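Quick notes on the structure that follows.
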Amino acid sequence: MTQPQTPTAAPGGSDSKPDAEGIRVQVFARTDVGQIREHNEDNFLVADLTQKSRGLTDGSADDGGAGPSSSRVVTIGRHGSVFAVCDGMGGAAAGEIASQLAVDIVFERLVDGLDGNRTFSRDDLARRLVRAIEAAGLRIFQEAKVDRTRRGMGTTVTAAALLDSYLFFAQVGDSRGYLLRQGQLVQLTRDQSLVNQLIEAGQLTEEEAETFEHNNIILQALGTADTVQVDLTFCELRQGDTLLLCSDGLSGMVRFEDIREVLRSAADPADACQQLTDRANQAGGHDNVTVIVARFDGGPLTSAHEAEALKYRKYVLPEEATEGTEPGRRLTPENAPVMPLGTPTSGLNLPQGLGSTFVFAPPQNPAAAPSPSPFSPRPPPLSSHDDEIDIPGTHVPPWVVVLIVVAVMGLLAATARFLLLD
């Protein structure tokens, strides 16, 4: 069953002819509750920043068996467009509230202050995207503090913002961003999860990760702390590239090779969204499933034959003046919540059924130096760090990670034994 959403004006205006000089995008999005969950905690965003419009038919309407609604073909305006997937967590309706707040605030922050007289640079868009996600995380955290029924709520976010030929990915959590180019599918984001941390540390193989007991633990999410570290990456688009954003309800249920085959063979993005959702449900549908598929063509995009191989590449923003930041955005340490390991029911909100996700932050060392600001002095933009994959907020030695896993497993085993004896 697909979660209904009220469609609004499509980005760029679906009734107008696309500008032949601009990048054309054929896009569709779908969110589905899956086979196990009672309600859908996922949300997505498809928006045109130039028109300050958001919304897209999600294919949820009853079409009498005629198949999903067709994809929209629109043109990217001077301020660009944004696509995002958010996977909420927290039990009851809290996860749905967190993911809805995230997409609303990201959109509002991105369009705030835009006008037709201002020219956007790539750095402008990338920085606004990061700041919008940070603001969403703080707002969700504050909402959870003032309402006890929403304690522990949070959401992942994977957002892709496009300006001219550059596509920026901003990541918190384990929803994913992929790009298909000439039949080759590459994941351009990195999961901020315990299982991925163990793989990167060499403690777990890809095959072992598929059956790892704690593969639902993520290392940060919007709303679980007053600040987040946003992982910012990028790629340069080419003619015919296809973007896929998805929640782990798809990537955790459908094999990589099957996802690639659907994107290769689907007639258009609407068909791809339908097939991917169906495959996730056929595999068990243990979680909500949300997908956005967009195909790019026209405008300044060059041939894919001239492109470098796709890979995970960091985008490094130049130093930002202090007055350009958000003063007072962070809460004081006295007001920040303390969620030590061993007290998941008070701070982390234990999983609410099969396929649930919860957030774990490694214990902090008070004597340790503070983490560097993501906007501290750095090398020039567009530098790529391909030899080392650094997940924000997870600078923990491998032996500590292993110790944490053992401690969590012991805690869960002790809890289960207590409940059985009781």
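In the structure tokens, the first chain shown is A, the next is B, and so on; residue numbers restart at 1 for each chain, and ligands run from 1 in the order shown.
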
Shell of 6 Å around range 149-155 of chain A, only C-alpha atoms, local chain residues under 4 positions omitted, as a ChimeraX atom specification: /A:87-90,94-95,98-99,144,221-224,347-349

Exercise: Val186 in chain A partners within 12 Å, only C-alpha atoms, chain neighbours under 2 positions left out, as a ChimeraX atom specification: /A:176-184,188-190,235,241-245,256-257,259-260,263,309-313

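Minimum distance to Arg295 in chain A across A:Ile218, A:Val130, A:Ala407, A:Ile23 (counting only C-alpha atoms) occurs at A:Ile23.
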
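With only C-alpha atoms as the atoms that count, the minimum distance from Glu306 in chain A to the choices A:Gln142, A:Thr211, A:Asn43, A:Gln239 is reached by A:Gln239.
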
Those in range 70-179 of chain A with helix (DSSP H, G or I) from DSSP, as a VMD selection string: chain A and resid 94 to 111 122 to 146 148 to 150

Close residues, Tyr166 in chain A itself excluded, 6 Å, only C-alpha atoms, min 3 positions apart in chain, as an MDAnalysis selection string: chainID A and resid 162:163 236

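Take the candidates A:Thr233, A:Ser121, A:Gln275, A:Ser175 and check each one against Asp42 in chain A using only C-alpha atoms; the shortest distance goes to A:Ser175.
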
For Ala84 in chain A: contacts at 12 Å, only C-alpha atoms, fewer than 5 positions along chain excluded, given as a ChimeraX atom specification: /A:29-30,42-47,54-55,99-100,102-107,129,133,156-162,168-172,175-177,243-247,290-294

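Note that CA of Leu219 in chain A and CA of Gly34 in chain A are 24.3 Å apart.
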
Picked from range 81-276 of chain A by DSSP as strand (DSSP E), as a PyMOL selection string: chain A and resi 81-89+154-155+157-163+166-172+176-181+184-187+217-218+231-236+242-246

Length of the CA of Leu317 in chain A to CA of Pro300 in chain A vector [Å]: 23.5 Å

Straight-line distance linking CA of Arg109 in chain A with CA of Asp226 in chain A, stated in Å to one decimal: 17.4 Å

Val25 in chain A environment, 8 Å, only C-alpha atoms, sequence neighbours closer than 3 positions dropped, as JSON, numbers by chain: {"A": [72, 73, 74, 75, 76, 294, 295, 296, 297]}
